[in-house]
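Novice: Sharing my_file_19.cif here; it has mmCIF, C-alpha atoms.
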data_data
#
loop_
_atom_site.label_atom_id
_atom_site.label_comp_id
_atom_site.auth_asym_id
_atom_site.auth_seq_id
_atom_site.Cartn_x
_atom_site.Cartn_y
_atom_site.Cartn_z
CA MET L 67 0.00 0.00 0.00
CA LYS L 68 1.36 3.42 -0.95
CA PHE L 69 0.13 6.83 0.18
CA ASP L 70 0.48 10.18 -1.49
CA ILE L 71 -0.74 13.43 0.03
CA SER L 72 -0.84 16.36 -2.36
CA GLY L 73 -2.34 19.84 -2.32
CA ASN L 74 -1.39 20.81 1.24
CA PRO L 75 -1.85 23.28 2.87
CA ALA L 76 -5.04 24.57 1.20
CA TYR L 77 -6.48 21.58 -0.68
CA GLY L 78 -4.98 18.43 0.70
CA ASP L 79 -6.11 15.18 -0.84
CA LEU L 80 -4.93 11.65 -0.28
CA THR L 81 -4.33 9.03 -2.96
CA VAL L 82 -3.91 5.43 -1.88
CA ALA L 83 -2.45 2.78 -4.20
CA LEU L 84 -3.68 -0.68 -3.19
CA GLU L 85 -2.18 -4.02 -4.09
CA ALA L 86 -4.36 -7.05 -4.74
CA GLY L 87 -6.10 -8.18 -1.56
CA GLU L 88 -5.53 -4.95 0.36
CA THR L 89 -8.24 -3.01 2.17
CA PHE L 90 -8.55 0.62 3.28
CA TRP L 91 -11.01 2.58 5.41
CA SER L 92 -12.27 6.13 5.04
CA GLU L 93 -14.90 8.46 6.34
CA GLY L 94 -18.11 8.13 4.28
CA GLY L 95 -18.45 10.45 1.30
CA ALA L 96 -14.70 11.14 1.04
CA MET L 97 -14.07 9.31 -2.24
CA SER L 98 -13.46 11.63 -5.20
CA ARG L 99 -12.20 9.16 -7.80
CA MET L 100 -11.10 5.55 -7.88
CA SER L 101 -10.42 2.54 -10.07
CA SER L 102 -13.76 1.28 -11.33
CA HIS L 103 -13.11 -2.28 -10.20
CA LEU L 104 -12.45 -1.29 -6.58
CA GLU L 105 -15.08 -2.74 -4.29
CA LEU L 106 -16.76 -0.31 -1.90
CA LYS L 107 -18.60 -1.56 1.15
CA THR L 108 -19.92 0.20 4.19
CA ARG L 109 -18.92 -1.06 7.52
CA LEU L 110 -19.91 -0.53 11.10
CA VAL L 111 -16.81 -0.05 13.14
CA SER L 112 -17.10 -1.30 16.71
CA GLY L 113 -20.70 -2.44 16.47
CA LEU L 114 -24.01 -0.81 15.70
CA VAL L 115 -24.69 0.95 18.99
CA LYS L 116 -21.26 2.53 19.20
CA SER L 117 -21.49 3.53 15.56
CA VAL L 118 -24.84 5.21 16.12
CA VAL L 119 -23.43 7.04 19.12
CA ARG L 120 -20.44 8.13 17.07
CA ARG L 121 -22.69 9.41 14.31
CA LEU L 122 -24.89 11.33 16.72
CA VAL L 123 -22.26 12.88 18.89
CA GLY L 124 -18.93 12.64 17.13
CA GLY L 125 -20.00 14.26 13.90
CA GLU L 126 -18.37 11.57 11.80
CA SER L 127 -20.31 9.29 9.51
CA LEU L 128 -22.15 6.44 11.10
CA LEU L 129 -20.38 4.13 8.76
CA ILE L 130 -16.90 3.72 7.45
CA SER L 131 -16.37 3.14 3.74
CA GLU L 132 -14.25 0.08 3.16
CA TYR L 133 -12.38 -0.26 -0.13
CA THR L 134 -11.17 -3.68 -1.17
CA ALA L 135 -8.90 -4.28 -4.15
CA ALA L 136 -9.14 -7.58 -6.02
CA GLN L 137 -6.29 -6.37 -8.21
CA MET L 138 -4.05 -3.28 -8.20
CA ALA L 139 -6.21 -0.20 -7.71
CA PHE L 140 -6.20 3.36 -6.43
CA VAL L 141 -8.61 5.61 -4.56
CA SER L 142 -8.44 9.36 -3.94
CA LEU L 143 -9.97 10.72 -0.76
CA THR L 144 -10.70 14.30 0.31
CA PRO L 145 -12.09 15.74 3.52
CA SER L 146 -15.23 17.85 3.25
CA CYS L 147 -13.39 21.05 4.22
CA PRO L 148 -10.47 22.62 2.37
CA GLY L 149 -7.33 22.26 4.44
CA THR L 150 -4.34 20.15 5.31
CA ILE L 151 -4.07 16.36 5.55
CA LEU L 152 -1.67 14.86 8.05
CA HIS L 153 -0.34 11.33 8.42
CA ARG L 154 0.46 9.52 11.64
CA ARG L 155 2.01 6.10 12.03
CA MET L 156 0.34 4.26 14.89
CA ASN L 157 2.24 1.55 16.76
CA GLY L 158 -0.27 0.12 19.16
CA ASP L 159 -0.65 3.50 20.86
CA ARG L 160 -3.56 5.89 21.18
CA PHE L 161 -4.31 9.26 19.59
CA TYR L 162 -7.12 11.78 19.98
CA LEU L 163 -8.95 13.55 17.16
CA THR L 164 -11.67 16.18 17.50
CA ALA L 165 -14.99 15.58 15.76
CA GLY L 166 -14.71 15.94 12.00
CA SER L 167 -10.94 15.49 11.87
CA PHE L 168 -10.90 11.81 10.91
CA LEU L 169 -10.27 11.10 7.22
CA ALA L 170 -8.98 7.57 6.72
CA CYS L 171 -6.90 4.71 8.11
CA THR L 172 -5.61 1.26 7.39
CA PRO L 173 -8.12 -1.41 8.44
CA ASN L 174 -8.64 -2.87 11.87
CA MET L 175 -7.92 0.22 13.90
CA GLU L 176 -10.20 0.95 16.80
CA LEU L 177 -12.29 4.12 16.64
CA GLN L 178 -14.17 5.18 19.73
CA THR L 179 -16.08 8.29 20.72
CA LYS L 180 -15.11 9.92 23.98
CA PHE L 181 -17.21 12.46 25.79
CA GLY L 182 -15.09 15.48 26.65
CA GLY L 183 -16.89 16.29 29.88
CA LEU L 184 -19.96 18.31 30.75
CA ARG L 185 -18.32 21.71 30.50
CA SER L 186 -17.17 21.01 26.97
CA PHE L 187 -20.74 20.15 26.08
CA PHE L 188 -21.88 23.71 26.72
CA SER L 189 -19.07 25.20 24.69
CA GLY L 190 -20.56 23.66 21.56
CA GLU L 191 -17.07 22.90 20.38
CA GLY L 192 -14.82 19.97 20.97
CA ALA L 193 -17.45 18.29 23.07
CA PHE L 194 -16.57 14.92 21.68
CA LEU L 195 -13.31 13.34 20.78
CA ILE L 196 -12.50 10.30 18.70
CA GLU L 197 -10.00 7.98 20.28
CA ILE L 198 -7.96 6.01 17.76
CA SER L 199 -5.96 3.01 18.86
CA GLY L 200 -4.16 0.16 17.20
CA SER L 201 -1.41 -0.20 14.63
CA GLY L 202 -1.33 1.21 11.13
CA ASP L 203 -1.49 4.45 9.21
CA LEU L 204 -3.90 7.20 10.20
CA PHE L 205 -4.86 10.25 8.12
CA PHE L 206 -6.59 13.24 9.62
CA ASN L 207 -7.47 16.70 8.38
CA SER L 208 -7.91 20.30 9.41
CA PHE L 209 -9.91 23.26 8.18
CA GLY L 210 -7.19 25.65 7.04
CA GLY L 211 -3.52 25.17 7.78
CA VAL L 212 -2.06 23.20 10.67
CA VAL L 213 0.20 24.39 13.44
CA GLU L 214 2.04 21.54 15.12
CA LYS L 215 2.98 22.43 18.68
CA ASP L 216 5.27 20.55 21.01
CA VAL L 217 3.74 21.19 24.38
CA ASN L 218 6.00 20.99 27.38
CA GLY L 219 4.25 22.38 30.39
CA GLU L 220 1.04 24.30 29.87
CA LEU L 221 -0.61 25.76 26.78
CA VAL L 222 -3.97 27.51 26.37
CA VAL L 223 -5.82 27.07 23.07
CA ASP L 224 -9.27 27.91 21.73
CA THR L 225 -11.39 24.73 21.71
CA GLY L 226 -12.47 25.17 18.08
CA HIS L 227 -8.90 25.17 16.82
CA VAL L 228 -7.89 21.79 18.22
CA VAL L 229 -7.47 19.06 15.58
CA ALA L 230 -5.63 16.32 17.43
CA PHE L 231 -3.32 15.61 20.34
CA GLU L 232 -1.28 12.86 21.91
CA PRO L 233 -2.63 11.02 24.95
CA THR L 234 0.35 12.10 27.05
CA LEU L 235 -1.37 15.48 27.24
CA SER L 236 -4.16 16.09 29.70
CA TYR L 237 -6.52 19.03 29.48
CA THR L 238 -9.17 20.98 31.31
CA ILE L 239 -11.83 23.15 29.73
CA GLY L 240 -12.65 26.56 31.11
CA GLY L 241 -12.96 30.25 30.50
CA MET L 242 -10.05 32.55 29.89
CA GLY L 243 -9.82 35.18 32.59
CA GLY L 244 -13.00 35.99 34.52
CA ILE L 245 -16.64 35.72 33.51
CA LYS L 246 -16.48 39.07 31.73
CA GLN L 247 -13.52 38.03 29.60
CA THR L 248 -15.06 34.65 28.85
CA MET L 249 -18.30 36.19 27.63
CA PHE L 250 -16.99 39.22 25.75
CA SER L 251 -13.48 38.50 24.56
CA GLY L 252 -14.87 36.34 21.77
CA GLU L 253 -12.62 33.52 22.81
CA GLY L 254 -15.37 31.47 24.41
CA LEU L 255 -14.02 28.44 26.16
CA VAL L 256 -10.42 27.40 26.03
CA MET L 257 -8.62 24.13 26.58
CA ARG L 258 -5.68 24.18 28.98
CA PHE L 259 -3.26 21.46 27.97
CA ASN L 260 -0.79 20.04 30.43
CA GLY L 261 2.08 17.63 30.09
CA ARG L 262 4.45 16.77 27.30
CA GLY L 263 3.32 15.84 23.82
CA LYS L 264 2.28 16.98 20.36
CA LEU L 265 -0.76 19.15 19.77
CA PHE L 266 -2.17 19.88 16.30
CA LEU L 267 -4.08 23.13 15.80
CA GLN L 268 -6.02 24.37 12.76
CA THR L 269 -5.71 27.98 11.63
CA ARG L 270 -9.44 28.40 10.88
CA GLN L 271 -12.65 27.10 12.37
CA LEU L 272 -15.88 26.35 10.55
CA PRO L 273 -18.36 27.80 13.12
CA ALA L 274 -16.47 31.11 12.92
CA LEU L 275 -16.70 31.13 9.13
CA ALA L 276 -20.43 30.42 9.40
CA GLY L 277 -20.81 33.27 11.88
CA TRP L 278 -19.06 35.66 9.53
CA LEU L 279 -21.10 34.47 6.56
CA THR L 280 -24.48 34.56 8.32
CA PRO L 281 -25.25 38.30 7.88
CA TYR L 282 -24.69 37.86 4.14
CA CYS L 283 -27.13 34.98 3.81
CA ARG L 284 -30.46 36.16 2.53
CA MET G 268 -5.79 35.99 -27.40
CA ASN G 269 -3.46 35.19 -24.55
CA ILE G 270 -4.54 33.80 -21.18
CA GLU G 271 -2.49 34.11 -18.01
CA ILE G 272 -3.45 32.51 -14.69
CA LEU G 273 -2.73 34.85 -11.77
CA SER G 274 -2.40 34.23 -8.03
CA LYS G 275 -1.39 30.61 -8.50
CA GLY G 276 -2.64 28.37 -5.72
CA ALA G 277 -5.71 28.69 -3.57
CA PHE G 278 -7.44 31.69 -5.19
CA GLU G 279 -6.69 31.84 -8.89
CA SER G 280 -7.93 34.31 -11.47
CA ALA G 281 -7.44 34.64 -15.22
CA LEU G 282 -6.14 37.63 -17.15
CA VAL G 283 -7.09 37.53 -20.83
CA GLN G 284 -5.30 39.74 -23.37
CA LEU G 285 -7.51 40.61 -26.32
CA GLU G 286 -6.05 41.62 -29.68
CA HIS G 287 -8.17 43.73 -31.97
CA GLY G 288 -10.91 41.50 -33.32
CA ASP G 289 -10.67 38.92 -30.54
CA GLU G 290 -13.80 38.04 -28.62
CA LEU G 291 -14.00 36.52 -25.17
CA ILE G 292 -17.13 34.89 -23.78
CA SER G 293 -17.57 34.47 -20.03
CA ASP G 294 -20.03 33.37 -17.45
CA ALA G 295 -21.93 36.59 -16.63
CA GLY G 296 -20.57 38.24 -13.51
CA ALA G 297 -17.13 36.65 -13.78
CA MET G 298 -15.42 39.88 -14.97
CA TYR G 299 -13.66 41.73 -12.16
CA ARG G 300 -11.53 44.12 -14.20
CA ALA G 301 -11.26 45.31 -17.78
CA SER G 302 -9.32 47.96 -19.65
CA ALA G 303 -11.35 51.03 -20.65
CA ASN G 304 -11.44 50.13 -24.33
CA VAL G 305 -13.25 46.86 -23.72
CA ASP G 306 -16.92 46.73 -24.59
CA ILE G 307 -19.26 44.22 -22.97
CA ASP G 308 -22.25 42.70 -24.66
CA VAL G 309 -24.62 40.48 -22.75
CA THR G 310 -26.50 37.85 -24.66
CA THR G 311 -28.99 35.19 -23.81
CA ARG G 312 -27.71 33.02 -26.56
CA SER G 313 -24.61 31.11 -27.12
CA ARG G 314 -22.91 31.47 -30.46
CA GLY G 315 -24.60 29.59 -33.21
CA LYS G 316 -27.39 28.18 -31.10
CA GLY G 317 -29.69 31.00 -30.16
CA GLY G 318 -32.87 31.95 -28.50
CA LEU G 319 -34.49 32.07 -25.14
CA LEU G 320 -34.57 28.30 -24.74
CA ALA G 321 -30.78 28.07 -24.83
CA GLY G 322 -30.68 30.70 -22.07
CA VAL G 323 -33.18 28.86 -19.92
CA LYS G 324 -31.23 25.66 -20.35
CA ARG G 325 -28.11 27.49 -19.25
CA LEU G 326 -29.90 28.82 -16.19
CA LEU G 327 -30.89 25.29 -15.23
CA SER G 328 -27.35 24.05 -15.63
CA GLY G 329 -26.27 26.05 -12.61
CA ASN G 330 -24.65 28.70 -14.76
CA THR G 331 -26.18 32.14 -15.01
CA PHE G 332 -28.74 32.89 -17.64
CA PHE G 333 -26.49 35.21 -19.54
CA LEU G 334 -23.14 34.94 -21.17
CA SER G 335 -21.05 38.07 -21.53
CA THR G 336 -19.04 38.82 -24.66
CA TYR G 337 -16.05 41.16 -24.52
CA ARG G 338 -14.24 42.87 -27.42
CA THR G 339 -12.04 45.91 -27.83
CA THR G 340 -13.60 48.93 -29.50
CA ASP G 341 -10.71 51.08 -30.63
CA GLY G 342 -8.54 48.69 -32.62
CA GLN G 343 -6.07 48.51 -29.76
CA ARG G 344 -5.14 45.71 -27.45
CA GLY G 345 -7.21 45.28 -24.26
CA GLU G 346 -7.49 43.02 -21.27
CA VAL G 347 -10.20 41.35 -19.19
CA GLY G 348 -9.72 39.75 -15.77
CA LEU G 349 -12.03 36.88 -14.82
CA ALA G 350 -12.53 35.60 -11.27
CA PRO G 351 -14.66 32.60 -10.25
CA THR G 352 -17.19 32.91 -7.42
CA HIS G 353 -15.52 30.36 -5.16
CA GLN G 354 -12.00 29.54 -4.11
CA GLY G 355 -9.88 27.22 -6.19
CA GLU G 356 -7.86 26.71 -9.33
CA ILE G 357 -8.51 27.61 -12.94
CA PHE G 358 -7.51 25.40 -15.85
CA VAL G 359 -7.08 26.36 -19.51
CA ILE G 360 -8.17 23.70 -21.98
CA ASP G 361 -7.14 23.85 -25.64
CA VAL G 362 -10.24 22.57 -27.37
CA GLU G 363 -9.75 20.99 -30.77
CA PRO G 364 -12.55 20.46 -33.30
CA SER G 365 -12.11 16.69 -33.12
CA THR G 366 -12.71 16.47 -29.35
CA PRO G 367 -15.42 18.61 -27.75
CA TRP G 368 -15.46 18.95 -23.96
CA ILE G 369 -18.33 18.61 -21.49
CA CYS G 370 -18.29 20.90 -18.43
CA ALA G 371 -20.21 20.21 -15.26
CA GLY G 372 -22.72 22.97 -14.49
CA GLY G 373 -20.92 25.77 -12.66
CA SER G 374 -17.43 24.88 -13.88
CA PHE G 375 -17.63 26.99 -17.02
CA LEU G 376 -15.74 30.27 -16.57
CA GLY G 377 -15.16 31.50 -20.12
CA CYS G 378 -13.90 30.71 -23.60
CA SER G 379 -12.69 32.27 -26.82
CA SER G 380 -15.42 33.11 -29.30
CA GLY G 381 -14.34 30.40 -31.71
CA LEU G 382 -16.02 27.89 -29.46
CA GLN G 383 -19.70 27.00 -29.35
CA VAL G 384 -21.27 26.77 -25.92
CA ASP G 385 -24.28 24.55 -25.72
CA THR G 386 -26.20 23.15 -22.81
CA GLN G 387 -26.94 19.52 -23.15
CA PHE G 388 -29.75 18.00 -21.23
CA GLN G 389 -28.75 14.78 -19.55
CA GLY G 390 -32.27 13.55 -18.90
CA LEU G 391 -32.75 11.14 -16.07
CA LYS G 392 -29.07 10.28 -15.99
CA GLY G 393 -28.26 13.75 -14.75
CA PHE G 394 -31.34 14.07 -12.57
CA VAL G 395 -30.60 11.02 -10.44
CA SER G 396 -27.24 12.41 -9.37
CA GLY G 397 -28.79 15.44 -7.71
CA GLU G 398 -25.73 17.37 -8.81
CA SER G 399 -24.82 18.76 -12.19
CA LEU G 400 -28.27 18.37 -13.59
CA PHE G 401 -26.97 19.83 -16.78
CA PHE G 402 -23.73 19.82 -18.60
CA VAL G 403 -22.38 22.45 -20.92
CA GLU G 404 -20.89 21.20 -24.16
CA VAL G 405 -18.06 23.24 -25.63
CA SER G 406 -17.01 22.45 -29.18
CA GLY G 407 -15.02 23.97 -32.00
CA SER G 408 -11.52 25.36 -31.86
CA GLY G 409 -10.23 27.65 -29.12
CA GLN G 410 -9.43 28.00 -25.45
CA LEU G 411 -11.80 27.09 -22.64
CA LEU G 412 -11.46 28.24 -19.03
CA VAL G 413 -12.88 26.09 -16.24
CA ASN G 414 -12.85 26.78 -12.52
CA ALA G 415 -13.06 24.39 -9.60
CA PHE G 416 -13.55 24.10 -5.86
CA GLY G 417 -10.00 23.35 -4.76
CA ARG G 418 -7.24 21.86 -6.85
CA ILE G 419 -7.72 20.53 -10.36
CA VAL G 420 -6.32 17.13 -11.27
CA GLU G 421 -6.20 15.90 -14.85
CA SER G 422 -6.59 12.15 -15.33
CA ASP G 423 -6.17 10.30 -18.59
CA VAL G 424 -8.68 7.51 -18.72
CA ASP G 425 -7.37 4.30 -20.07
CA HIS G 426 -10.18 1.73 -19.97
CA SER G 427 -12.07 2.94 -16.90
CA LEU G 428 -12.28 5.43 -14.03
CA THR G 429 -14.92 6.09 -11.39
CA VAL G 430 -15.55 9.71 -10.36
CA ASP G 431 -17.91 11.04 -7.71
CA THR G 432 -20.36 13.44 -9.40
CA GLY G 433 -19.50 16.20 -6.90
CA HIS G 434 -15.87 16.18 -7.99
CA LEU G 435 -16.39 16.35 -11.74
CA VAL G 436 -15.19 19.49 -13.54
CA ALA G 437 -15.01 18.55 -17.23
CA PHE G 438 -14.32 15.64 -19.55
CA GLN G 439 -13.68 14.94 -23.20
CA LYS G 440 -16.71 13.90 -25.17
CA SER G 441 -14.80 10.95 -26.57
CA LEU G 442 -15.43 9.20 -23.23
CA GLN G 443 -18.53 7.18 -22.51
CA TYR G 444 -20.04 7.24 -19.07
CA SER G 445 -22.80 5.69 -17.03
CA MET G 446 -24.26 6.89 -13.76
CA THR G 447 -24.02 4.15 -11.24
CA LYS G 448 -23.66 3.34 -7.57
CA ALA G 449 -20.26 3.27 -5.89
CA GLY G 450 -20.96 0.40 -3.51
CA GLY G 451 -22.00 -3.20 -4.00
CA SER G 452 -25.67 -2.31 -3.66
CA TRP G 453 -27.72 0.89 -3.75
CA MET G 454 -28.21 0.62 0.02
CA GLN G 455 -24.47 0.21 0.63
CA SER G 456 -23.71 3.14 -1.59
CA TRP G 457 -26.27 5.37 0.09
CA LEU G 458 -25.12 4.40 3.58
CA ALA G 459 -21.52 5.08 2.65
CA GLY G 460 -22.54 8.60 1.71
CA GLU G 461 -21.10 8.14 -1.76
CA GLY G 462 -24.40 8.12 -3.61
CA ILE G 463 -24.03 8.32 -7.34
CA VAL G 464 -20.78 8.08 -9.22
CA MET G 465 -19.91 8.26 -12.89
CA ASN G 466 -18.19 5.30 -14.45
CA PHE G 467 -16.11 6.46 -17.39
CA SER G 468 -14.81 4.22 -20.11
CA GLY G 469 -12.94 4.67 -23.36
CA GLN G 470 -10.02 6.99 -24.02
CA GLY G 471 -9.83 10.62 -23.02
CA SER G 472 -9.11 13.22 -20.40
CA ILE G 473 -11.07 14.09 -17.23
CA LEU G 474 -10.61 17.07 -14.94
CA THR G 475 -11.67 16.63 -11.32
CA GLN G 476 -11.71 19.04 -8.39
CA SER G 477 -10.13 18.07 -5.10
CA HIS G 478 -13.13 19.21 -3.06
CA ASN G 479 -16.83 18.51 -3.21
CA PRO G 480 -19.18 21.50 -2.73
CA THR G 481 -21.98 19.21 -1.51
CA GLU G 482 -19.79 17.70 1.22
CA PHE G 483 -18.60 21.15 2.32
CA GLY G 484 -22.22 22.34 2.32
CA LYS G 485 -23.21 19.44 4.55
CA ARG G 486 -20.70 20.66 7.14
CA LEU G 487 -21.26 24.40 6.80
CA GLY G 488 -25.03 24.36 6.19
CA PRO G 489 -26.15 23.33 9.69
CA LEU G 490 -24.12 26.24 11.13
CA LEU G 491 -25.92 28.82 9.01
CA PRO G 492 -29.37 30.32 9.74
CA THR G 493 -32.32 28.73 8.00
CA ARG G 494 -32.95 30.24 4.60
CA LYS G 495 -35.79 32.75 4.34
CA GLN G 496 -38.49 31.68 1.93
#
Show me, as structure tokens, the structure contained in the file I just sent.
Specialist:
Amino acid sequence: MKFDISGNPAYGDLTVALEAGETFWSEGGAMSRMSSHLELKTRLVSGLVKSVVRRLVGGESLLISEYTAAQMAFVSLTPSCPGTILHRRMNGDRFYLTAGSFLACTPNMELQTKFGGLRSFFSGEGAFLIEISGSGDLFFNSFGGVVEKDVNGELVVDTGHVVAFEPTLSYTIGGMGGIKQTMFSGEGLVMRFNGRGKLFLQTRQLPALAGWLTPYCR
Amino acid sequence: MNIEILSKGAFESALVQLEHGDELISDAGAMYRASANVDIDVTTRSRGKGGLLAGVKRLLSGNTFFLSTYRTTDGQRGEVGLAPTHQGEIFVIDVEPSTPWICAGGSFLGCSSGLQVDTQFQGLKGFVSGESLFFVEVSGSGQLLVNAFGRIVESDVDHSLTVDTGHLVAFQKSLQYSMTKAGGSWMQSWLAGEGIVMNFSGQGSILTQSHNPTEFGKRLGPLLPTRKQ
């Protein structure tokens, strides 16, 4: 299996070359073009109930698209939002993605939805995380460009800008400053990361774009 | 006529140099700058094939009702800048008489006047897809400008290629296609969120866009206020 990411930072797309007998998973609706003989099936990852929960709360498709090659084939995959695609090699470890950041992975990885806590629920952002575990190649995406930050100690970030982070980081969700600052600074809720590990941030957020666009929608 | 693509990358535009006697046709509203000696004429008809019906067909194809025609008035050289409505790349296609091109509705940005622009009803084939109800056929000899949502990738079809309807920009008419399902069954395909795809066969070129407006709309739409009726 060979991977090629092109078009970063604005229009990342992923092309996967499959050998005979190989399988690949993606978020539903991500396929832009593929070999005609490639077999596409939908698949419930981690059972029906968990899949339904993931669909309802995680923002990702209820079902994963599974591509199986009977002979050499290719498939091109794109996230729904213009932005950057990143690759991560998983070696039996865990990784956290925010809702909407999952694009694709090699088969048999475990995808689970994690509730980010009650406070995150009210922020309307980052309320749910997807926990990925297992071994293989993972591809995830941002809206806009990506800033990769090595956290060592503490870092404060806006919840809507978080794409992914390593499990060695812990976080709390809260306001920035007092109640006045939280309500009027426009920052809303922030995540305070602690520990040592990699944090991936996106340079734009979709709810903010929608907010800017709203007055122009007639 | 000379075409230059400006601002390479995420937000491209086209600058077209017109010699005396040259004519440029564009999607109405695509012009963002022009030299003072350029005259604009708005028509409801494409060259050759005229009348109100052709305009209505164009309207239905997702393109505006009118096409604009630009020419210089004083015998001097002039220029017209064209910008698409959405972000992405622009591609210049050299159309030859032997191989007309088909553009998905909304991908047509402009062309030289030596080309005929005709909307081509796809019947039920187009209707089922829910996207690109109409295609625009461009034939003759000249240069065609297409725009896209995101990056444009050119694929040469040898035997077969499957393309999601939301990613199609344009293809050579020498290719045959059928609308079909991506998955093993209609239910599988629908559940996967892939819906309808186009299966191309034969020999020819296809342009696809990296991003799918429908998929982006699915994400952005719920965050916007409900549309006023």
Novice: Using only C-alpha atoms, I'd like every residue of chain L that has an atom within 8 Å of chain G; please write them out as a compact mmCIF listing (two decimals) with C-alpha atoms, keeping the file's coordinate frame.
Specialist:
# COMPACT_ATOMS: atom_id res chain seq x y z
CA GLY L 73 -2.34 19.84 -2.32
CA ALA L 76 -5.04 24.57 1.20
CA TYR L 77 -6.48 21.58 -0.68
CA GLY L 78 -4.98 18.43 0.70
CA ASP L 79 -6.11 15.18 -0.84
CA GLY L 94 -18.11 8.13 4.28
CA GLY L 95 -18.45 10.45 1.30
CA ALA L 96 -14.70 11.14 1.04
CA MET L 97 -14.07 9.31 -2.24
CA SER L 98 -13.46 11.63 -5.20
CA ARG L 99 -12.20 9.16 -7.80
CA MET L 100 -11.10 5.55 -7.88
CA SER L 101 -10.42 2.54 -10.07
CA SER L 102 -13.76 1.28 -11.33
CA GLU L 105 -15.08 -2.74 -4.29
CA LEU L 106 -16.76 -0.31 -1.90
CA LYS L 107 -18.60 -1.56 1.15
CA THR L 108 -19.92 0.20 4.19
CA LEU L 129 -20.38 4.13 8.76
CA ILE L 130 -16.90 3.72 7.45
CA SER L 131 -16.37 3.14 3.74
CA THR L 144 -10.70 14.30 0.31
CA PRO L 145 -12.09 15.74 3.52
CA SER L 146 -15.23 17.85 3.25
CA CYS L 147 -13.39 21.05 4.22
CA PRO L 148 -10.47 22.62 2.37
CA LEU L 272 -15.88 26.35 10.55
CA PRO L 273 -18.36 27.80 13.12
CA ALA L 276 -20.43 30.42 9.40
CA GLY L 277 -20.81 33.27 11.88
CA LEU L 279 -21.10 34.47 6.56
CA THR L 280 -24.48 34.56 8.32
CA CYS L 283 -27.13 34.98 3.81
CA ARG L 284 -30.46 36.16 2.53
Novice: Rounded to one decimal place, report the atom CA of Glu197 of chain L-atom CA of Thr150 of chain L distance in Å.
Specialist: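 That distance, rounded to one decimal, is 20.1 Å.
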Novice: What is the atom CA of Asn269 of chain G to atom CA of Val283 of chain G distance in Å?
Specialist: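 Separating atom CA of Asn269 of chain G from atom CA of Val283 of chain G is a distance of 5.7 Å.
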Novice: On this structure, which residues satisfy the PyMOL selection byres ((chain G and resi 376) around 8), written as a ChimeraX atom specification?
Specialist: /G:293-294,297,349,351,373-375,377-378,411-414
Novice: Suppose you want the space between atom CA of Pro233 of chain L and atom CA of Phe206 of chain L; what is it in Å?
Specialist: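 If I compute the distance from atom CA of Pro233 of chain L to atom CA of Phe206 of chain L, I get 16.0 Å.
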Novice: Run the PyMOL selection byres ((chain G and resi 339) around 7) mentally over the shown coordinates, then write out the matched residues as a tab-separated table (two decimals) with C-alpha atoms, keeping the file's coordinate frame, using the chain letters and numbers from the document.
Specialist:
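Written out: expr-v6.tsv:
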chain	number	residue	atom	x	y	z
G	287	HIS	CA	-8.17	43.73	-31.97
G	304	ASN	CA	-11.44	50.13	-24.33
G	305	VAL	CA	-13.25	46.86	-23.72
G	306	ASP	CA	-16.92	46.73	-24.59
G	338	ARG	CA	-14.24	42.87	-27.42
G	340	THR	CA	-13.60	48.93	-29.50
G	341	ASP	CA	-10.71	51.08	-30.63
G	342	GLY	CA	-8.54	48.69	-32.62
G	343	GLN	CA	-6.07	48.51	-29.76
G	344	ARG	CA	-5.14	45.71	-27.45
G	345	GLY	CA	-7.21	45.28	-24.26
Novice: Once the PyMOL selection byres ((chain G and resi 362) around 9) has been evaluated on this model, what residues remain selected, and can you format them as a list in words?
Specialist: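 Expected selection for the PyMOL selection byres ((chain G and resi 362) around 9) here is Ile360, Asp361, Glu363, Pro364, Ser365, Thr366, Pro367, Trp368, Leu382, Val405, Ser406, Gly407, Ser408, Gly409, Gln410 and Leu411 of chain G.
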Novice: Using all atoms listed in the file, can you list as number ranges by chain the residues within 10 Å of (-8.7, 25.5, 31.0)?
Specialist: L: 220-225, 237-243, 255-260
Novice: Within 10 Å of Phe231 of chain L, counting all atoms listed in the file, which residues show up once you throw out same-chain ones fewer than 3 positions away? Write them as a list in words, please.
Specialist: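 Surrounding residues, per the criterion: Arg160, Phe161, Tyr162, Leu163, Thr164, Glu214, Lys215, Asp216, Val217, Val228, Thr234, Leu235, Ser236, Phe259, Gly263, Lys264, Leu265, Phe266 and Leu267 of chain L.
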Novice: Pick out the residues sitting within 9 Å of Gly158 of chain L, and hand them over as a compact mmCIF listing (two decimals) with C-alpha atoms, in the coordinates of the input; count all atoms listed in the file, and ignore anything fewer than 4 positions along from it in its own chain.
Specialist:
# COMPACT_ATOMS: atom_id res chain seq x y z
CA SER L 199 -5.96 3.01 18.86
CA GLY L 200 -4.16 0.16 17.20
CA SER L 201 -1.41 -0.20 14.63
CA GLY L 202 -1.33 1.21 11.13
Novice: For Arg154 of chain L, which residue among L:Val212, L:Ala274, L:Ala135, L:Cys171 is the nearest when counting only C-alpha atoms?
Specialist: L:Cys171
Novice: Which one of G:Met446, G:Ile473, G:Leu334, G:Ile463 sits closest to Asp425 of chain G if you count all atoms listed in the file?
Specialist: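 With all atoms listed in the file as the atom set, the closest residue is G:Ile473.
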